[in-house]
Structures are given as structure tokens and as C-alpha cells.
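Structure file run30.txt; described as compact mmCIF, C-alpha atoms and all ligand atoms.
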# COMPACT_ATOMS: atom_id res chain seq x y z
CA MET E 1 17.87 13.44 -9.36
CA ALA E 2 16.29 16.19 -7.28
CA GLU E 3 18.75 18.69 -5.79
CA LEU E 4 18.44 19.45 -2.09
CA ASN E 5 19.66 22.53 -0.30
CA ILE E 6 21.27 20.87 2.68
CA LEU E 7 24.78 22.18 3.12
CA GLN E 8 25.84 20.11 6.09
CA VAL E 9 24.70 16.86 7.62
CA SER E 10 22.19 17.50 10.38
CA PRO E 11 22.69 15.42 13.52
CA ASP E 12 18.98 14.61 13.31
CA LEU E 13 19.27 12.87 9.94
CA HIS E 14 18.69 9.13 10.11
CA GLU E 15 21.12 7.02 8.13
CA ALA E 16 19.37 4.82 5.62
CA GLN E 17 19.48 1.05 5.12
CA TRP E 18 19.81 -0.68 1.75
CA TRP E 19 22.58 1.35 0.14
CA GLU E 20 26.22 1.00 -0.80
CA PRO E 21 28.93 3.57 -1.50
CA GLU E 22 30.18 4.19 -5.02
CA PRO E 23 33.18 6.07 -6.44
CA ASN E 24 33.27 9.87 -6.21
CA GLY E 25 30.99 10.05 -3.18
CA ARG E 26 27.97 8.65 -4.99
CA VAL E 27 25.70 6.07 -3.37
CA HIS E 28 23.57 3.29 -4.79
CA CYS E 29 20.14 2.86 -3.15
CA TYR E 30 18.73 -0.63 -3.71
CA LEU E 31 15.56 -0.32 -1.65
CA CYS E 32 13.36 -0.25 -4.75
CA PRO E 33 13.81 -1.43 -8.34
CA ARG E 34 14.75 2.07 -9.49
CA HIS E 35 18.25 1.47 -8.10
CA CYS E 36 19.05 5.17 -7.90
CA HIS E 37 22.70 6.19 -8.13
CA ILE E 38 22.76 9.42 -6.15
CA GLY E 39 25.44 12.10 -6.18
CA ARG E 40 26.47 14.18 -3.16
CA GLY E 41 23.81 16.67 -2.12
CA GLN E 42 21.20 14.98 -4.28
CA ALA E 43 18.15 12.87 -3.57
CA GLY E 44 16.78 9.79 -5.28
CA PHE E 45 13.68 9.77 -7.50
CA CYS E 46 11.51 9.47 -4.37
CA PHE E 47 12.85 12.80 -2.98
CA ILE E 48 13.28 11.55 0.59
CA ARG E 49 16.48 9.52 0.39
CA THR E 50 19.43 11.84 0.14
CA ASN E 51 23.17 11.58 -0.21
CA GLN E 52 24.95 13.77 2.33
CA GLU E 53 28.74 13.58 2.39
CA GLY E 54 28.73 10.16 0.73
CA LYS E 55 26.16 8.51 2.97
CA LEU E 56 22.48 7.85 2.30
CA TYR E 57 19.96 9.31 4.74
CA SER E 58 16.21 8.77 5.14
CA LEU E 59 14.49 12.15 5.42
CA GLY E 60 11.11 10.61 6.18
CA TYR E 61 12.32 8.92 9.35
CA GLY E 62 10.30 10.17 12.34
CA ALA E 63 8.69 12.87 10.22
CA PRO E 64 5.18 11.95 9.01
CA ALA E 65 3.42 14.49 6.79
CA ALA E 66 -0.02 12.95 7.26
CA LEU E 67 -1.63 11.36 10.33
CA GLN E 68 -5.25 10.22 10.34
CA ILE E 69 -7.69 7.73 11.83
CA ASP E 70 -9.37 5.70 9.07
CA PRO E 71 -11.70 2.74 8.80
CA ILE E 72 -9.70 -0.32 7.73
CA GLU E 73 -12.08 -0.63 4.77
CA LYS E 74 -10.59 2.57 3.34
CA LYS E 75 -7.17 0.98 2.77
CA PRO E 76 -9.02 -1.06 1.32
CA LEU E 77 -8.91 -4.26 3.37
CA ASN E 78 -12.19 -6.18 3.57
CA HIS E 79 -10.89 -9.40 5.19
CA PHE E 80 -8.79 -7.88 7.94
CA LEU E 81 -10.40 -6.83 11.23
CA PRO E 82 -13.57 -5.52 9.53
CA GLY E 83 -15.14 -2.49 11.15
CA SER E 84 -11.96 -1.55 13.01
CA THR E 85 -10.09 1.74 12.89
CA VAL E 86 -6.50 2.09 11.77
CA PHE E 87 -3.98 4.77 12.70
CA SER E 88 -2.74 5.85 9.27
CA MET E 89 0.39 7.76 8.40
CA GLY E 90 2.41 8.86 5.41
CA THR E 91 5.42 11.01 4.54
CA ALA E 92 6.48 13.03 1.52
CA GLY E 93 7.70 11.50 -1.74
CA CYS E 94 7.09 8.41 -3.85
CA ASN E 95 9.07 5.97 -5.97
CA MET E 96 6.48 5.86 -8.74
CA GLY E 97 5.45 8.73 -11.00
CA CYS E 98 1.74 7.98 -11.47
CA PHE E 99 -0.01 10.65 -13.54
CA PHE E 100 -3.28 9.85 -11.73
CA CYS E 101 -1.96 10.06 -8.16
CA GLN E 102 -4.74 10.98 -5.73
CA ASN E 103 -2.32 11.97 -2.94
CA TRP E 104 -0.04 14.02 -5.12
CA ASP E 105 0.12 16.90 -2.63
CA ILE E 106 2.44 14.81 -0.46
CA SER E 107 3.69 12.13 -2.85
CA LYS E 108 5.05 14.69 -5.30
CA SER E 109 6.52 16.91 -2.59
CA ARG E 110 9.98 17.01 -1.08
CA GLN E 111 10.27 16.63 2.66
CA ASP E 112 10.84 20.38 3.06
CA GLN E 113 7.61 21.13 1.14
CA VAL E 114 5.27 19.36 3.56
CA SER E 115 4.41 20.23 7.13
CA ALA E 116 5.89 17.20 8.82
CA ARG E 117 5.61 16.49 12.52
CA ASP E 118 8.31 15.07 14.76
CA VAL E 119 6.97 11.64 15.82
CA PRO E 120 9.58 9.12 17.03
CA PRO E 121 8.71 5.44 16.40
CA LYS E 122 7.91 4.65 20.03
CA GLU E 123 5.24 7.39 20.10
CA VAL E 124 3.26 5.96 17.19
CA PRO E 125 1.69 2.97 19.02
CA LEU E 126 0.84 5.19 21.96
CA LEU E 127 -1.00 7.60 19.68
CA ALA E 128 -2.81 4.71 17.98
CA LEU E 129 -3.97 3.26 21.28
CA ARG E 130 -5.02 6.66 22.57
CA TYR E 131 -7.36 6.94 19.57
CA GLY E 132 -8.72 3.41 19.98
CA CYS E 133 -7.11 1.92 16.88
CA ASP E 134 -6.43 -1.79 16.41
CA SER E 135 -3.75 -1.39 13.80
CA LEU E 136 -1.27 0.95 12.15
CA ALA E 137 -1.21 1.64 8.41
CA PHE E 138 1.70 2.95 6.39
CA THR E 139 -0.13 4.61 3.54
CA TYR E 140 -0.96 7.79 1.55
CA ASN E 141 2.48 7.92 -0.11
CA GLU E 142 4.59 4.83 -0.87
CA PRO E 143 5.70 3.40 2.48
CA THR E 144 8.56 1.36 1.05
CA ILE E 145 10.65 4.52 0.72
CA TRP E 146 10.52 5.14 4.49
CA GLY E 147 11.06 1.51 5.37
CA GLU E 148 13.55 2.23 8.18
CA TYR E 149 10.92 4.21 10.10
CA ILE E 150 8.32 1.47 9.51
CA ILE E 151 10.55 -1.28 10.87
CA ASP E 152 11.19 0.68 14.07
CA ILE E 153 7.49 1.57 14.46
CA CYS E 154 6.52 -2.09 14.04
CA LYS E 155 9.01 -3.15 16.70
CA ALA E 156 7.61 -0.51 19.06
CA ALA E 157 4.02 -1.57 18.31
CA LYS E 158 4.45 -5.30 18.75
CA PRO E 159 4.38 -5.38 22.59
CA TYR E 160 0.98 -3.65 22.50
CA GLY E 161 -0.60 -6.20 20.16
CA LEU E 162 -1.21 -3.68 17.39
CA LYS E 163 -1.34 -5.04 13.85
CA THR E 164 0.58 -3.38 11.02
CA VAL E 165 -0.51 -2.69 7.45
CA MET E 166 1.31 -1.64 4.28
CA VAL E 167 -0.69 0.11 1.57
CA THR E 168 1.80 -0.16 -1.22
CA ASN E 169 2.55 -0.11 -4.93
CA GLY E 170 4.67 -3.23 -4.42
CA TYR E 171 7.78 -1.62 -5.88
CA ILE E 172 10.48 -3.04 -3.63
CA THR E 173 13.57 -5.15 -4.18
CA ARG E 174 14.05 -8.66 -2.92
CA GLU E 175 17.03 -7.38 -0.91
CA ALA E 176 14.76 -5.17 1.21
CA PHE E 177 11.56 -7.21 1.06
CA HIS E 178 11.91 -9.41 4.13
CA ASP E 179 13.49 -6.67 6.25
CA ILE E 180 10.19 -4.81 6.02
CA TYR E 181 7.51 -7.47 5.46
CA ASP E 182 8.69 -9.76 8.24
CA ASN E 183 7.28 -7.04 10.53
CA ILE E 184 3.96 -6.63 8.70
CA ASP E 185 0.59 -8.33 9.26
CA ALA E 186 -1.41 -7.19 6.23
CA ALA E 187 -1.04 -5.32 2.97
CA ASN E 188 -3.06 -3.88 0.17
CA VAL E 189 -1.02 -3.88 -3.01
CA ASP E 190 -1.96 -1.79 -6.03
CA LEU E 191 -1.84 -3.84 -9.20
CA LYS E 192 -2.36 -0.75 -11.27
CA ALA E 193 -2.72 -2.45 -14.64
CA PHE E 194 -1.62 -5.60 -16.39
CA THR E 195 0.43 -4.14 -19.22
CA GLU E 196 4.04 -2.99 -19.28
CA ASN E 197 2.86 -0.16 -21.54
CA PHE E 198 0.67 1.31 -18.75
CA TYR E 199 3.32 0.89 -16.06
CA GLY E 200 5.99 2.41 -18.29
CA LYS E 201 4.03 5.39 -19.60
CA ILE E 202 1.60 6.21 -16.78
CA THR E 203 3.55 5.24 -13.62
CA LEU E 204 7.14 5.54 -14.92
CA THR E 205 7.97 2.08 -13.58
CA HIS E 206 7.64 -1.56 -14.67
CA LEU E 207 5.04 -4.28 -14.14
CA GLN E 208 7.24 -7.32 -13.49
CA PRO E 209 8.77 -6.15 -10.16
CA VAL E 210 5.23 -5.66 -8.79
CA LEU E 211 4.26 -9.20 -9.82
CA ASP E 212 7.49 -10.45 -8.22
CA THR E 213 6.51 -8.77 -4.94
CA LEU E 214 3.09 -10.43 -5.04
CA LEU E 215 4.74 -13.80 -5.51
CA LEU E 216 7.08 -13.12 -2.58
CA LEU E 217 4.13 -12.19 -0.39
CA LYS E 218 2.32 -15.37 -1.34
CA ARG E 219 5.24 -17.79 -1.17
CA GLU E 220 7.48 -16.42 1.53
CA THR E 221 5.33 -14.64 4.11
CA PRO E 222 2.19 -15.14 6.22
CA VAL E 223 1.09 -11.55 5.42
CA TRP E 224 -2.62 -11.25 4.66
CA PHE E 225 -2.91 -9.24 1.45
CA GLU E 226 -5.52 -7.89 -0.92
CA LEU E 227 -5.19 -6.24 -4.33
CA THR E 228 -6.51 -3.00 -5.77
CA ASN E 229 -6.94 -2.21 -9.46
CA LEU E 230 -7.94 1.42 -10.06
CA MET E 231 -9.78 1.38 -13.38
CA ILE E 232 -9.03 4.38 -15.58
CA PRO E 233 -11.20 4.77 -18.68
CA THR E 234 -9.35 3.80 -21.89
CA LEU E 235 -6.02 3.25 -20.10
CA ASN E 236 -6.41 -0.03 -18.21
CA ASP E 237 -10.09 -1.01 -18.46
CA ASP E 238 -9.95 -3.22 -21.53
CA PRO E 239 -11.83 -6.48 -20.77
CA ASP E 240 -9.02 -8.59 -22.25
CA GLU E 241 -6.53 -6.95 -19.91
CA THR E 242 -8.85 -7.50 -16.94
CA ARG E 243 -9.18 -11.16 -17.90
CA LYS E 244 -5.40 -11.57 -18.07
CA LEU E 245 -4.99 -9.84 -14.71
CA ALA E 246 -7.61 -12.06 -13.07
CA ASP E 247 -6.23 -15.22 -14.67
CA TRP E 248 -2.74 -14.37 -13.41
CA ILE E 249 -4.04 -13.80 -9.88
CA ALA E 250 -6.03 -17.05 -9.88
CA ALA E 251 -3.11 -19.07 -11.23
CA ASN E 252 -0.37 -17.53 -9.09
CA LEU E 253 -2.00 -16.27 -5.91
CA GLY E 254 -5.07 -18.49 -5.71
CA PRO E 255 -8.81 -17.76 -5.76
CA ASN E 256 -9.01 -16.44 -2.20
CA ILE E 257 -7.04 -13.20 -2.68
CA PRO E 258 -9.59 -10.35 -2.50
CA LEU E 259 -9.48 -8.06 -5.52
CA HIS E 260 -10.87 -4.51 -5.38
CA PHE E 261 -11.81 -2.75 -8.61
CA THR E 262 -12.00 0.92 -7.71
CA ALA E 263 -13.31 3.96 -9.55
CA PHE E 264 -10.96 6.67 -10.83
CA HIS E 265 -11.66 10.38 -10.54
CA PRO E 266 -9.71 13.00 -12.52
CA ASP E 267 -6.71 14.25 -10.55
CA PHE E 268 -3.09 15.48 -10.81
CA LYS E 269 -1.87 15.10 -14.44
CA LEU E 270 -4.79 12.97 -15.57
CA ARG E 271 -7.70 15.37 -15.69
CA ASP E 272 -8.74 14.64 -19.27
CA LYS E 273 -10.21 11.23 -18.42
CA PRO E 274 -13.78 10.86 -17.11
CA ARG E 275 -14.75 9.16 -13.87
CA THR E 276 -15.01 5.40 -14.14
CA PRO E 277 -18.59 4.39 -15.03
CA ARG E 278 -20.28 1.89 -12.74
CA GLU E 279 -20.73 -0.45 -15.70
CA THR E 280 -16.96 -0.75 -16.11
CA LEU E 281 -16.53 -1.94 -12.53
CA ASP E 282 -19.49 -4.32 -12.86
CA ARG E 283 -18.01 -5.80 -16.03
CA ALA E 284 -14.56 -6.18 -14.48
CA ARG E 285 -16.07 -7.90 -11.45
CA GLU E 286 -17.96 -10.35 -13.65
CA ILE E 287 -14.76 -11.17 -15.54
CA ALA E 288 -12.79 -11.76 -12.33
CA LEU E 289 -15.53 -13.94 -10.82
CA ASP E 290 -15.67 -15.91 -14.06
CA ALA E 291 -11.88 -16.38 -13.83
CA GLY E 292 -12.44 -18.13 -10.51
CA LEU E 293 -11.71 -15.43 -7.94
CA HIS E 294 -13.95 -15.75 -4.90
CA PHE E 295 -13.89 -12.24 -3.45
CA VAL E 296 -14.18 -9.40 -5.95
CA TYR E 297 -15.16 -5.95 -4.70
CA GLU E 298 -16.04 -2.56 -6.15
CA GLY E 299 -14.80 0.59 -4.46
CA ASN E 300 -15.10 4.39 -4.61
CA ILE E 301 -18.78 3.96 -5.51
CA TYR E 302 -21.86 2.85 -3.57
CA SER E 303 -22.37 -0.75 -4.61
CA ASP E 304 -23.66 -4.10 -3.37
CA ALA E 305 -20.28 -5.34 -4.52
CA ALA E 306 -18.78 -3.78 -1.38
CA ASN E 307 -20.35 -6.69 0.54
CA THR E 308 -18.62 -9.98 1.28
CA TYR E 309 -20.54 -12.98 -0.06
CA CYS E 310 -19.97 -16.61 0.80
CA PRO E 311 -18.39 -18.42 -2.16
CA GLY E 312 -20.02 -21.62 -0.90
CA CYS E 313 -23.71 -20.68 -0.68
CA GLY E 314 -23.85 -17.04 -1.84
CA SER E 315 -25.24 -15.61 1.39
CA THR E 316 -24.26 -12.11 2.45
CA LEU E 317 -21.64 -12.29 5.19
CA ILE E 318 -20.55 -8.68 5.67
CA GLU E 319 -22.69 -5.75 4.55
CA ARG E 320 -20.91 -2.50 3.84
CA SER E 321 -21.95 0.99 2.87
CA TRP E 322 -18.94 2.76 1.37
CA HIS E 323 -16.29 2.23 4.12
CA SER E 324 -18.76 1.45 6.88
CA VAL E 325 -19.60 -2.09 8.08
CA GLU E 326 -23.38 -2.29 8.56
CA ALA E 327 -23.57 -5.97 9.55
CA ASN E 328 -21.06 -8.77 10.09
CA ARG E 329 -22.61 -12.26 10.18
CA LEU E 330 -19.39 -14.26 10.20
CA ARG E 331 -19.14 -16.81 13.01
CA GLN E 332 -15.59 -17.65 13.97
CA GLY E 333 -14.52 -16.81 10.42
CA ARG E 334 -17.17 -19.09 8.88
CA CYS E 335 -20.39 -18.64 6.97
CA PRO E 336 -23.30 -19.08 9.42
CA HIS E 337 -25.35 -20.91 6.76
CA CYS E 338 -23.02 -23.42 5.09
CA ALA E 339 -20.01 -23.22 7.48
CA SER E 340 -17.58 -22.46 4.66
CA GLU E 341 -14.35 -21.06 6.06
CA ILE E 342 -13.79 -17.51 4.83
CA PRO E 343 -10.12 -16.56 4.50
CA GLY E 344 -8.95 -13.48 6.36
CA VAL E 345 -7.92 -12.13 9.76
CA TRP E 346 -11.12 -11.73 11.71
CA HIS E 347 -10.06 -11.47 15.32
CA LYS E 348 -8.20 -8.80 17.21
CA ALA E 349 -5.06 -9.66 19.11
CA ALA E 350 -5.11 -9.36 22.87
CA ARG E 351 -4.19 -5.83 23.82
CA HIS E 352 -1.56 -4.98 26.36
CA ALA E 353 -1.73 -2.01 28.69
CA VAL E 354 -0.42 1.34 27.52
CA GLU E 355 2.57 2.39 29.55
CA ASP E 356 3.03 6.04 30.31
S1 LIG V 1 13.81 4.09 -2.67
FE1 LIG V 1 14.02 6.15 -3.59
S2 LIG V 1 16.23 6.52 -3.71
FE2 LIG V 1 15.96 4.33 -3.33
S3 LIG V 1 16.00 3.40 -5.38
FE3 LIG V 1 13.85 3.80 -4.91
S4 LIG V 1 13.37 5.83 -5.73
FE4 LIG V 1 15.61 5.60 -5.66

Please express what this file holds, its structure, as C-alpha cells.
Ligand code: SF4
Amino acid sequence: MAELNILQVSPDLHEAQWWEPEPNGRVHCYLCPRHCHIGRGQAGFCFIRTNQEGKLYSLGYGAPAALQIDPIEKKPLNHFLPGSTVFSMGTAGCNMGCFFCQNWDISKSRQDQVSARDVPPKEVPLLALRYGCDSLAFTYNEPTIWGEYIIDICKAAKPYGLKTVMVTNGYITREAFHDIYDNIDAANVDLKAFTENFYGKITLTHLQPVLDTLLLLKRETPVWFELTNLMIPTLNDDPDETRKLADWIAANLGPNIPLHFTAFHPDFKLRDKPRTPRETLDRAREIALDAGLHFVYEGNIYSDAANTYCPGCGSTLIERSWHSVEANRLRQGRCPHCASEIPGVWHKAARHAVED
């Protein structure tokens, strides 16, 4: 556990949810499958949940370390309000230990190592509306670990008609799942590999809890979700593994879940691997289409596979260049040629006035 230098409980600290006291002043955090048992003055694996005087506090609450306006396609979400902008925010810390993390400057930092701003939940939707955004995204680091803040932001955003998005590794317990996802409209979940060996050695977690989260999303929520598989040369790009991953998605989540194969670039502790070749993404996409998935995308490269094609007649429905939508030919969520219904969330909610 990481040691923090907080000698007394600040009145500004926000008490956490999803914990229980243990003997000798320790606490058990059951927000994610790590189930940290945290001694006094210490923090959990994620750095931002800390035991002060026998209570668990959320250091990320009201203190984002990153705020940015992004295209929704960057999350990536290709079937959710295409062409819209999303107010995106993240904090310090993470509950996974991915060697290839591309946001390691905040995800591997403690709260006191980032320049966080003081942004209460009720200010977040006002900021998003001021910048013309249609939704809010909890992203950059793992949002699950600041779930308390997310729940309060979502409640503040709802009266304004703003949608809410989790960009997540899916590492959350069943105990906390509905508390957070019952407030969420869409998610992109990283399915980082399809072997326990990769999850254990490269992310310091386990595969099965992520699959369990995907099943919960499918079976117990109306959340629109898409999947991302970052392909890292020699670590998770074996065609047999890709086939198993695609078969599992088709069998358990259905053919209409969009799957994004994205290109890796060397970063953080994984600088000895090359960038993902285009051919690897092309091959993975062919395998996933052959497994029956209808919407398979390539990301982090310029590719025609960023477009949305109709699974009924093959016509191009949405043209994209990187994260930019160049043309959207959908009509009321249907193909204009064969009238096939295309799954997704295509229409914005009615907006309500911003109150000063
Ligand atoms: S959310 Fe953080 S403190 Fe809680 S179990 Fe997960 S890693 Fe540990």
C-alpha cells in the first residue's frame, strides 16, 4: 500500500462509499476486485482511496487532474452521438498496473503529485454546457476509483439533459456496479486481451472480473457500450486469441457490440515493443467479422475501417477521418439504402436551460 503524508483528517476530505471497517483501524475497500485492506494513514493500490483515522476517504472527489473537450469518437464511441463533443475529465491514480499505460502521468501519480483543480459536482455540467458539449466522459484514468464523484456529477447533470460516459477497464465489483452504472448512458470498456496470462503479467489484474462486468452491462443495464482491444505486438495479437475474444463477444454480448482494435505505441514501461503494424489490425478485423461481429473498427491509425458500414447491404453510413466525422448518412438510425436498423444512440436529448 502507498503511504500518504496526511497527519490529520482534512475537513475537505470526502468519505468514500463501498468500504467496511476492520480490526486495528484497517478498512476493506470493495469498490474493485482488488479488495484492498488498508491500514491507517495508507492508501489502496489506486493511490486515491485513503484510510484516515479508520475511515476510507476518496481523494479524487471534486478534484479532477485533467479536463478537456474531446470528440466522442476519441473515447472511442462510434455509435453514440457521432460528431458530438464530450466534456472529459480524469483524476490521479488507477486500479490496474498496465505496463503500456498511455496516461501514466496521471494514472501512476498520487493525488498530491498532480495539479488538481477544485471542481464541485454541480459545476461540471455548467462547464460542459458552456463549452457546447452534449455529454460528460469520465476517462483518462480509471473512473471506477472516483465513483462517488461520478455519481454526484451524474445527478447534477441529469436535469440539463447531458449524457454520461464511462471509459473504463471494467474492473469493478458487483457490489458497486449498479450504484455507478445506473447513472451512466454509455461506456467504452477496454478488453485488453483474452488471456489470464496477459492480465496477470501486464496489467497486474485478472481477466474474469472484466468479463463479468461486460455480462452485467449486457444483462442488467440499458447502457450503450463498445469495446476496445489495444493490440500490442507479440503480447496479445495472436490470431487464435483474437478469434477466442471475438467468439466470446459474439456468443455472450451479441453481434451488434462495436469492437475497436486500436494501435499501440511504445509508452511507460513498454518501450521495447514496436508500434502495431496496420496489417495486424486488418487481420484482427477480418477475424472478428468472420466470427459474426457486425461493427469492427480500427483506431489510432488512418483507415477506412474507421467508417461505419451497414451490415445489411454494405453501404457506408458514417465516414470518419481519425476522430472526425466527415459524413453521416444515417436516417433515423437506419441505413438509407436498405433500411436496416443500426444499433446505437443517435439522437441528442432535449437540452434544458443553464441556470446561473
Ligand atoms: S478501488 Fe482502489 S482502494 Fe478500492 S479496492 Fe480498488 S484499488 Fe483498492

Item to check | Distance in Å - atom CA of E:Asn188 versus atom CA of E:His79 | outcome: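 Taking atom CA of E:Asn188 and atom CA of E:His79, their separation equals 10.8 Å.
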
Checklist entry - Which residues, written as a ChimeraX atom specification, have at least one atom at most 6 Å from E:Thr173, with all atoms listed in the file counted and residues fewer than 5 positions away on the same chain left out? => result /E:31-33

Written file, previous selection with C-alpha atoms, as a tab-separated table (two decimals), in the frame of the given file:
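As a result, out16.tsv now contains:
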chain	number	residue	atom	x	y	z
E	31	LEU	CA	15.56	-0.32	-1.65
E	32	CYS	CA	13.36	-0.25	-4.75
E	33	PRO	CA	13.81	-1.43	-8.34

Next on the checklist: Considering only C-alpha atoms and all ligand atoms, can you say which of E:Thr205, E:Thr280, E:Asn103, E:Asn256 comes closest to ligand LIG 1 (chain V)?
Outcome noted: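 When distances to ligand LIG 1 (chain V) are compared using only C-alpha atoms and all ligand atoms, the smallest one comes from E:Thr205.
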
Next on the checklist: I'd like to know which of E:Glu196, E:Glu73, E:Glu220, E:Glu226 is closest to E:Tyr181, using all atoms listed in the file.
Outcome noted: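 Looking at the shortest contact to E:Tyr181, the residue is E:Glu220.
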
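In this comparison, which uses only C-alpha atoms, the residue of E:Gly161, E:Pro82, E:Pro209, E:Gly60 approaching E:Pro120 most closely is E:Gly60.
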
For the contact check between chain E and ligand LIG 1 (chain V), emit one row per residue of chain E within 8 Å, containing the shortest atom pair and the distance in Å rounded to one decimal, counting only C-alpha atoms and all ligand atoms, chain then rising number order, as JSON lines.
{"residue": "E:His28", "atom": "CA", "partner": "V:LIG1", "partner_atom": "S3", "distance": 7.6}
{"residue": "E:Cys29", "atom": "CA", "partner": "V:LIG1", "partner_atom": "FE2", "distance": 4.4}
{"residue": "E:Tyr30", "atom": "CA", "partner": "V:LIG1", "partner_atom": "S3", "distance": 5.1}
{"residue": "E:Leu31", "atom": "CA", "partner": "V:LIG1", "partner_atom": "S1", "distance": 4.9}
{"residue": "E:Cys32", "atom": "CA", "partner": "V:LIG1", "partner_atom": "FE3", "distance": 4.1}
{"residue": "E:Pro33", "atom": "CA", "partner": "V:LIG1", "partner_atom": "S3", "distance": 6.1}
{"residue": "E:Arg34", "atom": "CA", "partner": "V:LIG1", "partner_atom": "S3", "distance": 4.5}
{"residue": "E:His35", "atom": "CA", "partner": "V:LIG1", "partner_atom": "S3", "distance": 4.0}
{"residue": "E:Cys36", "atom": "CA", "partner": "V:LIG1", "partner_atom": "FE4", "distance": 4.1}
{"residue": "E:His37", "atom": "CA", "partner": "V:LIG1", "partner_atom": "FE4", "distance": 7.5}
{"residue": "E:Ile38", "atom": "CA", "partner": "V:LIG1", "partner_atom": "S2", "distance": 7.6}
{"residue": "E:Ala43", "atom": "CA", "partner": "V:LIG1", "partner_atom": "S2", "distance": 6.6}
{"residue": "E:Gly44", "atom": "CA", "partner": "V:LIG1", "partner_atom": "S2", "distance": 3.7}
{"residue": "E:Phe45", "atom": "CA", "partner": "V:LIG1", "partner_atom": "S4", "distance": 4.3}
{"residue": "E:Cys46", "atom": "CA", "partner": "V:LIG1", "partner_atom": "FE1", "distance": 4.2}
{"residue": "E:Phe47", "atom": "CA", "partner": "V:LIG1", "partner_atom": "FE1", "distance": 6.8}
{"residue": "E:Ile48", "atom": "CA", "partner": "V:LIG1", "partner_atom": "FE1", "distance": 6.9}
{"residue": "E:Arg49", "atom": "CA", "partner": "V:LIG1", "partner_atom": "S2", "distance": 5.1}
{"residue": "E:Thr50", "atom": "CA", "partner": "V:LIG1", "partner_atom": "S2", "distance": 7.3}
{"residue": "E:Cys94", "atom": "CA", "partner": "V:LIG1", "partner_atom": "S4", "distance": 7.0}
{"residue": "E:Asn95", "atom": "CA", "partner": "V:LIG1", "partner_atom": "S4", "distance": 4.3}
{"residue": "E:Met96", "atom": "CA", "partner": "V:LIG1", "partner_atom": "S4", "distance": 7.5}
{"residue": "E:Thr144", "atom": "CA", "partner": "V:LIG1", "partner_atom": "S1", "distance": 7.0}
{"residue": "E:Ile145", "atom": "CA", "partner": "V:LIG1", "partner_atom": "S1", "distance": 4.7}
{"residue": "E:Trp146", "atom": "CA", "partner": "V:LIG1", "partner_atom": "S1", "distance": 7.9}
{"residue": "E:Ile172", "atom": "CA", "partner": "V:LIG1", "partner_atom": "FE3", "distance": 7.7}

Checklist entry - Which is closest to E:Ala251 among E:Gly292, E:Met231, E:Trp19, E:Asn236, if we use only C-alpha atoms? => result E:Gly292

Next on the checklist: Given the point (6.7, 7.9, 18.8) in the coordinates of this file, which residues lie within 10 Å, counting all atoms listed in the file, and how would they look as a ChimeraX atom specification?
Outcome noted: /E:62,118-127,152-153,156-157

Identify the residues within 12 Å of coordinate (-8.4, -11.0, -17.2) (same frame as the file), considering all atoms listed in the file, and give the answer as a PDB file with C-alpha atoms, in the frame of the given file.
ATOM      1  CA  ALA E 193      -2.720  -2.450 -14.640  1.00  0.00           C
ATOM      2  CA  PHE E 194      -1.620  -5.600 -16.390  1.00  0.00           C
ATOM      3  CA  THR E 195       0.430  -4.140 -19.220  1.00  0.00           C
ATOM      4  CA  ASN E 229      -6.940  -2.210  -9.460  1.00  0.00           C
ATOM      5  CA  ASN E 236      -6.410  -0.030 -18.210  1.00  0.00           C
ATOM      6  CA  ASP E 237     -10.090  -1.010 -18.460  1.00  0.00           C
ATOM      7  CA  ASP E 238      -9.950  -3.220 -21.530  1.00  0.00           C
ATOM      8  CA  PRO E 239     -11.830  -6.480 -20.770  1.00  0.00           C
ATOM      9  CA  ASP E 240      -9.020  -8.590 -22.250  1.00  0.00           C
ATOM     10  CA  GLU E 241      -6.530  -6.950 -19.910  1.00  0.00           C
ATOM     11  CA  THR E 242      -8.850  -7.500 -16.940  1.00  0.00           C
ATOM     12  CA  ARG E 243      -9.180 -11.160 -17.900  1.00  0.00           C
ATOM     13  CA  LYS E 244      -5.400 -11.570 -18.070  1.00  0.00           C
ATOM     14  CA  LEU E 245      -4.990  -9.840 -14.710  1.00  0.00           C
ATOM     15  CA  ALA E 246      -7.610 -12.060 -13.070  1.00  0.00           C
ATOM     16  CA  ASP E 247      -6.230 -15.220 -14.670  1.00  0.00           C
ATOM     17  CA  TRP E 248      -2.740 -14.370 -13.410  1.00  0.00           C
ATOM     18  CA  ILE E 249      -4.040 -13.800  -9.880  1.00  0.00           C
ATOM     19  CA  ALA E 250      -6.030 -17.050  -9.880  1.00  0.00           C
ATOM     20  CA  ALA E 251      -3.110 -19.070 -11.230  1.00  0.00           C
ATOM     21  CA  ARG E 283     -18.010  -5.800 -16.030  1.00  0.00           C
ATOM     22  CA  ALA E 284     -14.560  -6.180 -14.480  1.00  0.00           C
ATOM     23  CA  ARG E 285     -16.070  -7.900 -11.450  1.00  0.00           C
ATOM     24  CA  GLU E 286     -17.960 -10.350 -13.650  1.00  0.00           C
ATOM     25  CA  ILE E 287     -14.760 -11.170 -15.540  1.00  0.00           C
ATOM     26  CA  ALA E 288     -12.790 -11.760 -12.330  1.00  0.00           C
ATOM     27  CA  LEU E 289     -15.530 -13.940 -10.820  1.00  0.00           C
ATOM     28  CA  ASP E 290     -15.670 -15.910 -14.060  1.00  0.00           C
ATOM     29  CA  ALA E 291     -11.880 -16.380 -13.830  1.00  0.00           C
ATOM     30  CA  GLY E 292     -12.440 -18.130 -10.510  1.00  0.00           C
ATOM     31  CA  LEU E 293     -11.710 -15.430  -7.940  1.00  0.00           C
TER      32      LEU E 293
END

Checklist entry - At what distance in Å, to one decimal, does atom CA of E:Leu235 lie from atom CA of E:Tyr140? => result 22.7 Å

Item to check | atom CA of E:Cys101 to atom CA of E:Lys269, distance in Å rounded to a single decimal | outcome: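 Atom-to-atom, atom CA of E:Cys101 and atom CA of E:Lys269 are spaced 8.1 Å apart.
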
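Take the candidates E:Lys108, E:Ile257, E:Asn307, E:Gly299 and check each one against E:Thr276 using all atoms listed in the file; the shortest distance goes to E:Gly299.
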
Checklist outcome for this item: Shortest contact to E:Val167, candidates E:Phe198, E:Tyr61, E:Phe264, E:Phe225, atoms counted all atoms listed in the file, goes to E:Phe225

Item to check | Spatial neighbours of E:Ser88, 8 Å, all atoms listed in the file, chain gap at least 6 places, as a list of chain:residue names | outcome: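 With the cut-off at 8 Å, the set is E:Ala66, E:Leu67, E:Gln68, E:Ile69, E:Asp70, E:Leu136, E:Ala137, E:Phe138, E:Thr139.
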